[in-house]
Amino acid sequence: MQDIETERLLLHVNSLEEMERSMLNGDEMSMDFYHAYKYHEENEPGYDLEWCRLWDFYLKDSNSVIGGACFKGQPNEKGEVEIGYGIDEEYQNYGYATEAIGALIDMAKQNTGVKKILFEIEHDNYPSLRVAQKLNAEFIYAVDHMKWYGITVHE
């Protein structure tokens, strides 16, 4: 996977070394994904480790990191892959998450093994719900306080 440029953002895919450095600086998400990467590398030959990377969202005009995303592992046997994302609160409501996640979905579409992109969103996380809706994700189901949405990219 390579960095992606959108109109206003640079989406930088972190290397294993960058995730390790962030982990050592106390970043919990980097720690989770670093350990997931290492686990799959050591225990699951053939696992596509590219799906265990974190993406940082940089504003192109200021080079500031404003958020990030991750795919939560390689596509499952049904071709489903889950995406998680977040934007720093001061940068919400400007369309940055929609722009970034739209670009990551376009990238995932290039992999014919991906059939559906899934979003797991807390029922009261209105900014993330808006992003899923703007990207035309369809409501799938709700369990407890979580809602699941999906975007079919290949039949």
# chains A, B, ... in the order shown; residues from 1 in each chain; ligands from 1

call {"tool": "residues_around", "arguments": {"residues": "A:Leu118", "least_positions_apart": "4", "cutoff": "10 Å", "atoms": "only C-alpha atoms", "output": "VMD selection string"}}
result
chain A and resid 71 to 72 80 to 84 132 137 to 140 148 to 152

call {"tool": "residues_around", "arguments": {"residues": "A:Tyr34", "least_positions_apart": "6", "cutoff": "10 Å", "atoms": "only C-alpha atoms", "output": "VMD selection string"}}
result
chain A and resid 15 to 23 28 52 to 54

call {"tool": "residues_around", "arguments": {"residues": "stretch 88-90 of chain A", "least_positions_apart": "3", "cutoff": "10 Å", "atoms": "only C-alpha atoms", "output": "PyMOL selection string"}}
result
chain A and resi 65-68+93-94+97+127

call {"tool": "residues_around", "arguments": {"residues": "A:Met107", "least_positions_apart": "3", "cutoff": "10 Å", "atoms": "only C-alpha atoms", "output": "ChimeraX atom specification"}}
result
/A:1-2,4,101-104,110-111

call {"tool": "select_by_dssp", "arguments": {"residues": "stretch 50-147 of chain A", "states": "strand (DSSP E)", "output": "number ranges by chain"}}
result
A: 54-59, 65-71, 80-87, 116-122, 138-143, 146-147

call {"tool": "write_last_selection", "arguments": {"atoms": "N, CA, C and O atoms", "output": "CSV table (one decimal), in the first residue's frame"}}
result
chain,number,residue,atom,x,y,z
A,54,LEU,N,-1.6,1.3,10.0
A,54,LEU,CA,-2.3,2.5,10.4
A,54,LEU,C,-2.1,3.6,9.3
A,54,LEU,O,-1.0,3.7,8.7
A,55,TRP,N,-3.1,4.4,9.1
A,55,TRP,CA,-3.0,5.5,8.2
A,55,TRP,C,-3.1,6.8,9.0
A,55,TRP,O,-4.0,7.0,9.8
A,56,ASP,N,-2.2,7.8,8.7
A,56,ASP,CA,-2.3,9.1,9.3
A,56,ASP,C,-2.8,10.0,8.3
A,56,ASP,O,-2.4,10.0,7.1
A,57,PHE,N,-3.7,11.0,8.7
A,57,PHE,CA,-4.3,12.0,7.8
A,57,PHE,C,-3.6,13.3,8.0
A,57,PHE,O,-3.7,13.8,9.1
A,58,TYR,N,-2.9,13.8,7.0
A,58,TYR,CA,-2.2,15.1,7.1
A,58,TYR,C,-2.9,16.1,6.3
A,58,TYR,O,-3.3,15.8,5.1
A,59,LEU,N,-3.1,17.3,6.8
A,59,LEU,CA,-3.6,18.4,6.0
A,59,LEU,C,-2.4,18.8,5.1
A,59,LEU,O,-1.3,19.1,5.6
A,65,VAL,N,-1.1,16.5,11.4
A,65,VAL,CA,-1.9,15.3,11.5
A,65,VAL,C,-3.2,15.6,12.2
A,65,VAL,O,-3.2,16.2,13.2
A,66,ILE,N,-4.3,15.3,11.5
A,66,ILE,CA,-5.6,15.6,12.0
A,66,ILE,C,-6.5,14.4,12.3
A,66,ILE,O,-7.6,14.5,12.8
A,67,GLY,N,-6.0,13.2,12.0
A,67,GLY,CA,-6.8,12.0,12.3
A,67,GLY,C,-6.1,10.8,11.7
A,67,GLY,O,-4.9,10.8,11.2
A,68,GLY,N,-6.8,9.7,11.6
A,68,GLY,CA,-6.3,8.5,11.0
A,68,GLY,C,-7.3,7.4,10.9
A,68,GLY,O,-8.5,7.6,11.2
A,69,ALA,N,-6.9,6.3,10.3
A,69,ALA,CA,-7.8,5.2,10.0
A,69,ALA,C,-7.0,3.9,10.0
A,69,ALA,O,-5.7,3.9,10.0
A,70,CYS,N,-7.7,2.8,10.0
A,70,CYS,CA,-7.1,1.5,9.9
A,70,CYS,C,-8.1,0.5,9.3
A,70,CYS,O,-9.3,0.7,9.5
A,71,PHE,N,-7.6,-0.4,8.5
A,71,PHE,CA,-8.4,-1.6,8.2
A,71,PHE,C,-8.1,-2.6,9.3
A,71,PHE,O,-7.0,-2.7,9.8
A,80,GLU,N,-15.2,-9.4,3.4
A,80,GLU,CA,-15.5,-8.3,4.2
A,80,GLU,C,-14.2,-7.8,4.9
A,80,GLU,O,-13.5,-8.6,5.4
A,81,VAL,N,-14.1,-6.5,4.9
A,81,VAL,CA,-13.0,-5.9,5.7
A,81,VAL,C,-13.6,-4.7,6.4
A,81,VAL,O,-14.4,-3.9,5.9
A,82,GLU,N,-13.2,-4.6,7.7
A,82,GLU,CA,-13.7,-3.5,8.5
A,82,GLU,C,-12.8,-2.3,8.5
A,82,GLU,O,-11.6,-2.5,8.5
A,83,ILE,N,-13.3,-1.1,8.5
A,83,ILE,CA,-12.5,0.1,8.6
A,83,ILE,C,-12.9,0.9,9.9
A,83,ILE,O,-14.1,0.9,10.2
A,84,GLY,N,-11.9,1.4,10.5
A,84,GLY,CA,-12.1,2.3,11.7
A,84,GLY,C,-11.4,3.6,11.4
A,84,GLY,O,-10.4,3.7,10.7
A,85,TYR,N,-11.9,4.7,11.9
A,85,TYR,CA,-11.4,6.0,11.6
A,85,TYR,C,-11.7,7.0,12.7
A,85,TYR,O,-12.6,6.8,13.5
A,86,GLY,N,-10.9,8.1,12.8
A,86,GLY,CA,-11.2,9.2,13.7
A,86,GLY,C,-10.6,10.5,13.2
A,86,GLY,O,-9.5,10.4,12.5
A,87,ILE,N,-11.2,11.6,13.5
A,87,ILE,CA,-10.7,12.9,13.2
A,87,ILE,C,-10.6,13.7,14.5
A,87,ILE,O,-11.6,13.6,15.3
A,116,LYS,N,-16.9,-6.2,0.5
A,116,LYS,CA,-17.7,-5.2,1.3
A,116,LYS,C,-16.8,-4.6,2.3
A,116,LYS,O,-16.0,-5.2,2.9
A,117,ILE,N,-17.0,-3.3,2.5
A,117,ILE,CA,-16.3,-2.5,3.6
A,117,ILE,C,-17.3,-2.3,4.7
A,117,ILE,O,-18.5,-1.9,4.5
A,118,LEU,N,-16.9,-2.7,5.9
A,118,LEU,CA,-17.8,-2.6,7.1
A,118,LEU,C,-17.4,-1.5,8.0
A,118,LEU,O,-16.2,-1.2,8.1
A,119,PHE,N,-18.4,-0.9,8.6
A,119,PHE,CA,-18.2,0.1,9.6
A,119,PHE,C,-19.0,-0.3,10.9
A,119,PHE,O,-20.2,-0.6,10.8
A,120,GLU,N,-18.3,-0.4,12.0
A,120,GLU,CA,-18.9,-0.6,13.3
A,120,GLU,C,-18.9,0.7,14.1
A,120,GLU,O,-17.8,1.2,14.4
A,121,ILE,N,-20.1,1.2,14.4
A,121,ILE,CA,-20.1,2.6,14.9
A,121,ILE,C,-21.0,2.6,16.1
A,121,ILE,O,-22.1,2.1,16.1
A,122,GLU,N,-20.5,3.2,17.2
A,122,GLU,CA,-21.4,3.3,18.4
A,122,GLU,C,-22.6,4.2,18.0
A,122,GLU,O,-22.5,5.1,17.3
A,138,GLU,N,-24.8,1.3,3.8
A,138,GLU,CA,-26.2,0.8,4.1
A,138,GLU,C,-26.2,0.3,5.5
A,138,GLU,O,-25.3,-0.5,5.9
A,139,PHE,N,-27.2,0.6,6.2
A,139,PHE,CA,-27.4,0.0,7.6
A,139,PHE,C,-27.6,-1.5,7.4
A,139,PHE,O,-28.4,-2.0,6.6
A,140,ILE,N,-26.8,-2.3,8.3
A,140,ILE,CA,-27.0,-3.7,8.2
A,140,ILE,C,-27.7,-4.2,9.4
A,140,ILE,O,-28.7,-4.9,9.3
A,141,TYR,N,-27.3,-3.9,10.6
A,141,TYR,CA,-27.9,-4.3,11.9
A,141,TYR,C,-27.4,-3.5,13.0
A,141,TYR,O,-26.4,-2.8,12.9
A,142,ALA,N,-28.1,-3.6,14.2
A,142,ALA,CA,-27.6,-3.0,15.4
A,142,ALA,C,-27.6,-4.1,16.5
A,142,ALA,O,-28.5,-5.0,16.5
A,143,VAL,N,-26.6,-4.0,17.4
A,143,VAL,CA,-26.5,-4.9,18.5
A,143,VAL,C,-26.1,-4.1,19.7
A,143,VAL,O,-25.1,-3.4,19.6
A,146,MET,N,-24.1,-0.7,19.4
A,146,MET,CA,-23.3,-0.6,18.1
A,146,MET,C,-24.2,-0.8,16.9
A,146,MET,O,-25.2,-1.5,16.9
A,147,LYS,N,-23.9,0.0,15.9
A,147,LYS,CA,-24.6,-0.2,14.6
A,147,LYS,C,-23.5,-0.6,13.5
A,147,LYS,O,-22.4,-0.1,13.6

call {"tool": "closest_residue", "arguments": {"among": "A:His145, A:Ser64, A:His40, A:Pro75", "to": "A:His123", "atoms": "only C-alpha atoms"}}
result
A:His145

call {"tool": "closest_residue", "arguments": {"among": "A:Gly113, A:Val13, A:Val153, A:Gln133", "to": "A:Thr98", "atoms": "only C-alpha atoms"}}
result
A:Gln133

call {"tool": "residues_around", "arguments": {"residues": "A:Thr112", "least_positions_apart": "6", "cutoff": "10 Å", "atoms": "only C-alpha atoms", "output": "PDB file with N, CA, C and O atoms, in the first residue's frame"}}
result
ATOM      1  N   GLY A  79     -15.023 -11.842   2.046  1.00  0.00           N
ATOM      2  CA  GLY A  79     -14.513 -10.661   1.360  1.00  0.00           C
ATOM      3  C   GLY A  79     -14.827  -9.366   2.087  1.00  0.00           C
ATOM      4  O   GLY A  79     -14.751  -8.289   1.506  1.00  0.00           O
ATOM      5  N   VAL A 153     -18.521  -3.277  -2.608  1.00  0.00           N
ATOM      6  CA  VAL A 153     -17.601  -2.750  -3.630  1.00  0.00           C
ATOM      7  C   VAL A 153     -17.430  -3.710  -4.801  1.00  0.00           C
ATOM      8  O   VAL A 153     -17.078  -3.286  -5.897  1.00  0.00           O
ATOM      9  N   HIS A 154     -17.665  -4.992  -4.576  1.00  0.00           N
ATOM     10  CA  HIS A 154     -17.649  -6.009  -5.630  1.00  0.00           C
ATOM     11  C   HIS A 154     -18.709  -7.032  -5.290  1.00  0.00           C
ATOM     12  O   HIS A 154     -18.841  -7.430  -4.140  1.00  0.00           O
ATOM     13  N   GLU A 155     -19.455  -7.457  -6.273  1.00  0.00           N
ATOM     14  CA  GLU A 155     -20.483  -8.503  -6.052  1.00  0.00           C
ATOM     15  C   GLU A 155     -19.823  -9.862  -6.019  1.00  0.00           C
ATOM     16  O   GLU A 155     -18.843 -10.158  -6.545  1.00  0.00           O
TER      17      GLU A 155
END

call {"tool": "select_by_dssp", "arguments": {"residues": "stretch 50-147 of chain A", "states": "helix (DSSP H, G or I)", "output": "tab-separated table (two decimals) with all heavy atoms, in the first residue's frame"}}
result
chain	number	residue	atom	x	y	z
A	50	GLU	N	-0.35	-6.11	4.82
A	50	GLU	CA	-0.66	-4.73	4.41
A	50	GLU	C	-1.96	-4.23	5.05
A	50	GLU	O	-2.14	-3.04	5.23
A	50	GLU	CB	-0.75	-4.63	2.89
A	50	GLU	CG	0.58	-4.87	2.19
A	50	GLU	CD	1.64	-3.84	2.57
A	50	GLU	OE1	1.34	-2.64	2.56
A	50	GLU	OE2	2.76	-4.26	2.88
A	51	TRP	N	-2.85	-5.16	5.42
A	51	TRP	CA	-4.12	-4.77	6.05
A	51	TRP	C	-3.96	-4.48	7.53
A	51	TRP	O	-4.93	-4.13	8.21
A	51	TRP	CB	-5.17	-5.86	5.82
A	51	TRP	CG	-5.52	-6.02	4.38
A	51	TRP	CD1	-5.00	-6.95	3.51
A	51	TRP	CD2	-6.43	-5.23	3.62
A	51	TRP	NE1	-5.55	-6.78	2.27
A	51	TRP	CE2	-6.43	-5.72	2.30
A	51	TRP	CE3	-7.25	-4.15	3.92
A	51	TRP	CZ2	-7.21	-5.17	1.30
A	51	TRP	CZ3	-8.03	-3.61	2.91
A	51	TRP	CH2	-8.00	-4.12	1.63
A	52	CYS	N	-2.75	-4.63	8.07
A	52	CYS	CA	-2.47	-4.36	9.49
A	52	CYS	C	-1.65	-3.08	9.63
A	52	CYS	O	-0.74	-3.01	10.44
A	52	CYS	CB	-1.69	-5.53	10.11
A	52	CYS	SG	-2.61	-7.04	10.22
A	89	GLU	N	-11.20	16.37	17.15
A	89	GLU	CA	-12.46	17.10	17.29
A	89	GLU	C	-12.45	18.47	16.61
A	89	GLU	O	-13.44	18.86	15.98
A	89	GLU	CB	-12.82	17.25	18.77
A	89	GLU	CG	-14.23	17.68	18.99
A	89	GLU	CD	-14.67	17.59	20.44
A	89	GLU	OE1	-14.05	16.86	21.23
A	89	GLU	OE2	-15.65	18.28	20.76
A	90	GLU	N	-11.36	19.19	16.71
A	90	GLU	CA	-11.33	20.54	16.12
A	90	GLU	C	-11.40	20.52	14.59
A	90	GLU	O	-11.68	21.55	13.97
A	90	GLU	CB	-10.09	21.30	16.58
A	90	GLU	CG	-8.78	20.72	16.08
A	90	GLU	CD	-7.58	21.42	16.68
A	90	GLU	OE1	-7.24	22.53	16.21
A	90	GLU	OE2	-7.00	20.85	17.62
A	91	TYR	N	-11.19	19.35	13.98
A	91	TYR	CA	-11.23	19.24	12.51
A	91	TYR	C	-12.48	18.53	12.02
A	91	TYR	O	-12.62	18.30	10.82
A	91	TYR	CB	-9.97	18.52	12.00
A	91	TYR	CG	-8.71	19.31	12.28
A	91	TYR	CD1	-7.88	18.97	13.34
A	91	TYR	CD2	-8.37	20.40	11.49
A	91	TYR	CE1	-6.73	19.69	13.60
A	91	TYR	CE2	-7.23	21.13	11.75
A	91	TYR	CZ	-6.41	20.77	12.81
A	91	TYR	OH	-5.28	21.50	13.06
A	96	TYR	N	-13.35	16.17	6.21
A	96	TYR	CA	-12.06	15.49	6.09
A	96	TYR	C	-12.19	13.97	6.20
A	96	TYR	O	-11.56	13.22	5.44
A	96	TYR	CB	-11.07	15.99	7.15
A	96	TYR	CG	-10.67	17.43	7.00
A	96	TYR	CD1	-10.83	18.31	8.07
A	96	TYR	CD2	-10.12	17.91	5.82
A	96	TYR	CE1	-10.45	19.65	7.95
A	96	TYR	CE2	-9.75	19.24	5.69
A	96	TYR	CZ	-9.91	20.10	6.76
A	96	TYR	OH	-9.53	21.42	6.64
A	97	ALA	N	-12.99	13.50	7.14
A	97	ALA	CA	-13.14	12.05	7.30
A	97	ALA	C	-13.79	11.44	6.06
A	97	ALA	O	-13.35	10.39	5.58
A	97	ALA	CB	-13.95	11.73	8.56
A	98	THR	N	-14.81	12.09	5.54
A	98	THR	CA	-15.48	11.58	4.33
A	98	THR	C	-14.50	11.53	3.17
A	98	THR	O	-14.45	10.55	2.42
A	98	THR	CB	-16.69	12.47	3.99
A	98	THR	OG1	-17.56	12.52	5.13
A	98	THR	CG2	-17.44	11.94	2.78
A	99	GLU	N	-13.70	12.56	3.03
A	99	GLU	CA	-12.69	12.61	1.95
A	99	GLU	C	-11.66	11.50	2.11
A	99	GLU	O	-11.34	10.79	1.15
A	99	GLU	CB	-12.01	13.98	1.99
A	99	GLU	CG	-11.01	14.24	0.91
A	99	GLU	CD	-10.44	15.67	0.98
A	99	GLU	OE1	-11.17	16.58	1.44
A	99	GLU	OE2	-9.29	15.85	0.57
A	100	ALA	N	-11.16	11.32	3.32
A	100	ALA	CA	-10.12	10.33	3.57
A	100	ALA	C	-10.66	8.90	3.44
A	100	ALA	O	-10.05	8.05	2.77
A	100	ALA	CB	-9.51	10.53	4.96
A	101	ILE	N	-11.80	8.63	4.06
A	101	ILE	CA	-12.34	7.27	4.03
A	101	ILE	C	-12.81	6.93	2.62
A	101	ILE	O	-12.65	5.79	2.16
A	101	ILE	CB	-13.47	7.09	5.07
A	101	ILE	CG1	-12.93	7.37	6.48
A	101	ILE	CG2	-14.08	5.71	4.98
A	101	ILE	CD1	-11.66	6.62	6.84
A	102	GLY	N	-13.32	7.91	1.90
A	102	GLY	CA	-13.68	7.67	0.49
A	102	GLY	C	-12.47	7.24	-0.32
A	102	GLY	O	-12.54	6.33	-1.15
A	103	ALA	N	-11.32	7.88	-0.07
A	103	ALA	CA	-10.09	7.52	-0.78
A	103	ALA	C	-9.61	6.13	-0.39
A	103	ALA	O	-9.15	5.35	-1.25
A	103	ALA	CB	-9.00	8.56	-0.50
A	104	LEU	N	-9.72	5.77	0.89
A	104	LEU	CA	-9.31	4.43	1.32
A	104	LEU	C	-10.24	3.36	0.75
A	104	LEU	O	-9.80	2.27	0.39
A	104	LEU	CB	-9.25	4.35	2.84
A	104	LEU	CG	-8.09	5.13	3.48
A	104	LEU	CD1	-8.21	5.12	4.99
A	104	LEU	CD2	-6.75	4.56	3.04
A	105	ILE	N	-11.51	3.68	0.64
A	105	ILE	CA	-12.46	2.74	0.03
A	105	ILE	C	-12.11	2.55	-1.45
A	105	ILE	O	-12.09	1.42	-1.96
A	105	ILE	CB	-13.91	3.21	0.22
A	105	ILE	CG1	-14.30	3.05	1.69
A	105	ILE	CG2	-14.86	2.45	-0.70
A	105	ILE	CD1	-15.62	3.71	2.07
A	106	ASP	N	-11.80	3.65	-2.14
A	106	ASP	CA	-11.39	3.54	-3.55
A	106	ASP	C	-10.15	2.65	-3.69
A	106	ASP	O	-10.06	1.85	-4.62
A	106	ASP	CB	-11.11	4.92	-4.15
A	106	ASP	CG	-12.38	5.72	-4.38
A	106	ASP	OD1	-13.49	5.13	-4.37
A	106	ASP	OD2	-12.27	6.95	-4.56
A	107	MET	N	-9.20	2.79	-2.76
A	107	MET	CA	-8.01	1.95	-2.79
A	107	MET	C	-8.38	0.49	-2.56
A	107	MET	O	-7.91	-0.40	-3.27
A	107	MET	CB	-7.00	2.40	-1.73
A	107	MET	CG	-5.71	1.64	-1.79
A	107	MET	SD	-5.01	1.10	-0.22
A	107	MET	CE	-6.33	0.79	0.85
A	108	ALA	N	-9.25	0.23	-1.58
A	108	ALA	CA	-9.66	-1.15	-1.28
A	108	ALA	C	-10.40	-1.79	-2.45
A	108	ALA	O	-10.29	-3.00	-2.67
A	108	ALA	CB	-10.52	-1.17	-0.01
A	109	LYS	N	-11.12	-0.99	-3.22
A	109	LYS	CA	-11.85	-1.50	-4.40
A	109	LYS	C	-10.90	-2.12	-5.42
A	109	LYS	O	-11.30	-2.98	-6.20
A	109	LYS	CB	-12.63	-0.38	-5.08
A	109	LYS	CG	-13.86	0.05	-4.37
A	109	LYS	CD	-14.51	1.18	-5.16
A	109	LYS	CE	-15.72	1.74	-4.46
A	109	LYS	NZ	-16.31	2.87	-5.20
A	126	TYR	N	-22.26	10.39	16.40
A	126	TYR	CA	-22.90	11.04	15.27
A	126	TYR	C	-21.94	11.47	14.16
A	126	TYR	O	-22.27	11.34	12.98
A	126	TYR	CB	-23.77	12.21	15.76
A	126	TYR	CG	-24.82	11.74	16.72
A	126	TYR	CD1	-24.76	12.09	18.06
A	126	TYR	CD2	-25.86	10.90	16.30
A	126	TYR	CE1	-25.71	11.62	18.96
A	126	TYR	CE2	-26.80	10.43	17.19
A	126	TYR	CZ	-26.73	10.79	18.52
A	126	TYR	OH	-27.66	10.32	19.40
A	127	PRO	N	-20.73	11.95	14.47
A	127	PRO	CA	-19.80	12.28	13.38
A	127	PRO	C	-19.47	11.06	12.50
A	127	PRO	O	-19.49	11.15	11.27
A	127	PRO	CB	-18.56	12.82	14.10
A	127	PRO	CG	-19.08	13.35	15.39
A	127	PRO	CD	-20.20	12.40	15.77
A	128	SER	N	-19.20	9.91	13.12
A	128	SER	CA	-18.89	8.71	12.33
A	128	SER	C	-20.12	8.19	11.58
A	128	SER	O	-20.00	7.71	10.45
A	128	SER	CB	-18.33	7.60	13.22
A	128	SER	OG	-17.00	7.91	13.58
A	129	LEU	N	-21.28	8.30	12.19
A	129	LEU	CA	-22.52	7.91	11.50
A	129	LEU	C	-22.73	8.78	10.26
A	129	LEU	O	-23.11	8.27	9.20
A	129	LEU	CB	-23.72	8.01	12.44
A	129	LEU	CG	-23.78	6.97	13.55
A	129	LEU	CD1	-24.82	7.36	14.60
A	129	LEU	CD2	-24.07	5.59	12.99
A	130	ARG	N	-22.46	10.09	10.38
A	130	ARG	CA	-22.60	10.99	9.23
A	130	ARG	C	-21.65	10.60	8.12
A	130	ARG	O	-22.01	10.63	6.94
A	130	ARG	CB	-22.37	12.44	9.65
A	130	ARG	CG	-23.58	13.12	10.21
A	130	ARG	CD	-23.45	14.64	10.25
A	130	ARG	NE	-22.20	15.11	10.83
A	130	ARG	CZ	-21.96	15.30	12.12
A	130	ARG	NH1	-22.90	15.06	12.99
A	130	ARG	NH2	-20.80	15.74	12.54
A	131	VAL	N	-20.41	10.25	8.47
A	131	VAL	CA	-19.43	9.85	7.45
A	131	VAL	C	-19.95	8.62	6.70
A	131	VAL	O	-19.96	8.60	5.46
A	131	VAL	CB	-18.05	9.55	8.08
A	131	VAL	CG1	-17.11	8.91	7.06
A	131	VAL	CG2	-17.44	10.85	8.62
A	132	ALA	N	-20.39	7.60	7.43
A	132	ALA	CA	-20.90	6.39	6.78
A	132	ALA	C	-22.08	6.72	5.86
A	132	ALA	O	-22.17	6.22	4.74
A	132	ALA	CB	-21.31	5.37	7.84
A	133	GLN	N	-22.97	7.58	6.32
A	133	GLN	CA	-24.13	7.94	5.52
A	133	GLN	C	-23.73	8.73	4.28
A	133	GLN	O	-24.26	8.50	3.18
A	133	GLN	CB	-25.14	8.71	6.37
A	133	GLN	CG	-25.79	7.82	7.41
A	133	GLN	CD	-26.52	8.58	8.50
A	133	GLN	OE1	-26.38	9.79	8.64
A	133	GLN	NE2	-27.30	7.86	9.30
A	134	LYS	N	-22.79	9.67	4.41
A	134	LYS	CA	-22.32	10.45	3.26
A	134	LYS	C	-21.67	9.56	2.21
A	134	LYS	O	-21.70	9.87	1.02
A	134	LYS	CB	-21.34	11.53	3.70
A	134	LYS	CG	-21.95	12.70	4.39
A	134	LYS	CD	-20.86	13.70	4.75
A	134	LYS	CE	-21.35	14.80	5.63
A	134	LYS	NZ	-20.25	15.69	6.03

call {"tool": "decode", "arguments": {"residues": "stretch 125-137 of chain A", "atoms": "N, CA and C atoms", "output": "mmCIF file, in the first residue's frame"}}
result
data_model
loop_
_atom_site.group_PDB
_atom_site.id
_atom_site.type_symbol
_atom_site.label_atom_id
_atom_site.label_comp_id
_atom_site.auth_asym_id
_atom_site.auth_seq_id
_atom_site.Cartn_x
_atom_site.Cartn_y
_atom_site.Cartn_z
ATOM 1 N N ASN A 125 -22.291 7.947 18.166
ATOM 2 C CA ASN A 125 -21.126 8.581 17.540
ATOM 3 C C ASN A 125 -21.605 9.244 16.242
ATOM 4 N N TYR A 126 -22.257 10.386 16.399
ATOM 5 C CA TYR A 126 -22.904 11.045 15.266
ATOM 6 C C TYR A 126 -21.939 11.467 14.164
ATOM 7 N N PRO A 127 -20.726 11.948 14.475
ATOM 8 C CA PRO A 127 -19.803 12.278 13.377
ATOM 9 C C PRO A 127 -19.469 11.056 12.503
ATOM 10 N N SER A 128 -19.204 9.906 13.115
ATOM 11 C CA SER A 128 -18.894 8.707 12.329
ATOM 12 C C SER A 128 -20.116 8.195 11.579
ATOM 13 N N LEU A 129 -21.282 8.302 12.191
ATOM 14 C CA LEU A 129 -22.516 7.911 11.499
ATOM 15 C C LEU A 129 -22.729 8.778 10.262
ATOM 16 N N ARG A 130 -22.461 10.089 10.384
ATOM 17 C CA ARG A 130 -22.602 10.989 9.232
ATOM 18 C C ARG A 130 -21.647 10.603 8.116
ATOM 19 N N VAL A 131 -20.406 10.247 8.470
ATOM 20 C CA VAL A 131 -19.431 9.847 7.449
ATOM 21 C C VAL A 131 -19.952 8.623 6.700
ATOM 22 N N ALA A 132 -20.391 7.603 7.425
ATOM 23 C CA ALA A 132 -20.904 6.389 6.777
ATOM 24 C C ALA A 132 -22.083 6.717 5.863
ATOM 25 N N GLN A 133 -22.971 7.580 6.318
ATOM 26 C CA GLN A 133 -24.134 7.945 5.516
ATOM 27 C C GLN A 133 -23.731 8.733 4.276
ATOM 28 N N LYS A 134 -22.789 9.671 4.414
ATOM 29 C CA LYS A 134 -22.324 10.447 3.256
ATOM 30 C C LYS A 134 -21.668 9.559 2.207
ATOM 31 N N LEU A 135 -21.073 8.454 2.652
ATOM 32 C CA LEU A 135 -20.423 7.525 1.726
ATOM 33 C C LEU A 135 -21.396 6.471 1.201
ATOM 34 N N ASN A 136 -22.690 6.663 1.509
ATOM 35 C CA ASN A 136 -23.757 5.768 1.054
ATOM 36 C C ASN A 136 -23.641 4.359 1.615
ATOM 37 N N ALA A 137 -23.119 4.244 2.819
ATOM 38 C CA ALA A 137 -23.088 2.946 3.483
ATOM 39 C C ALA A 137 -24.512 2.590 3.883
#
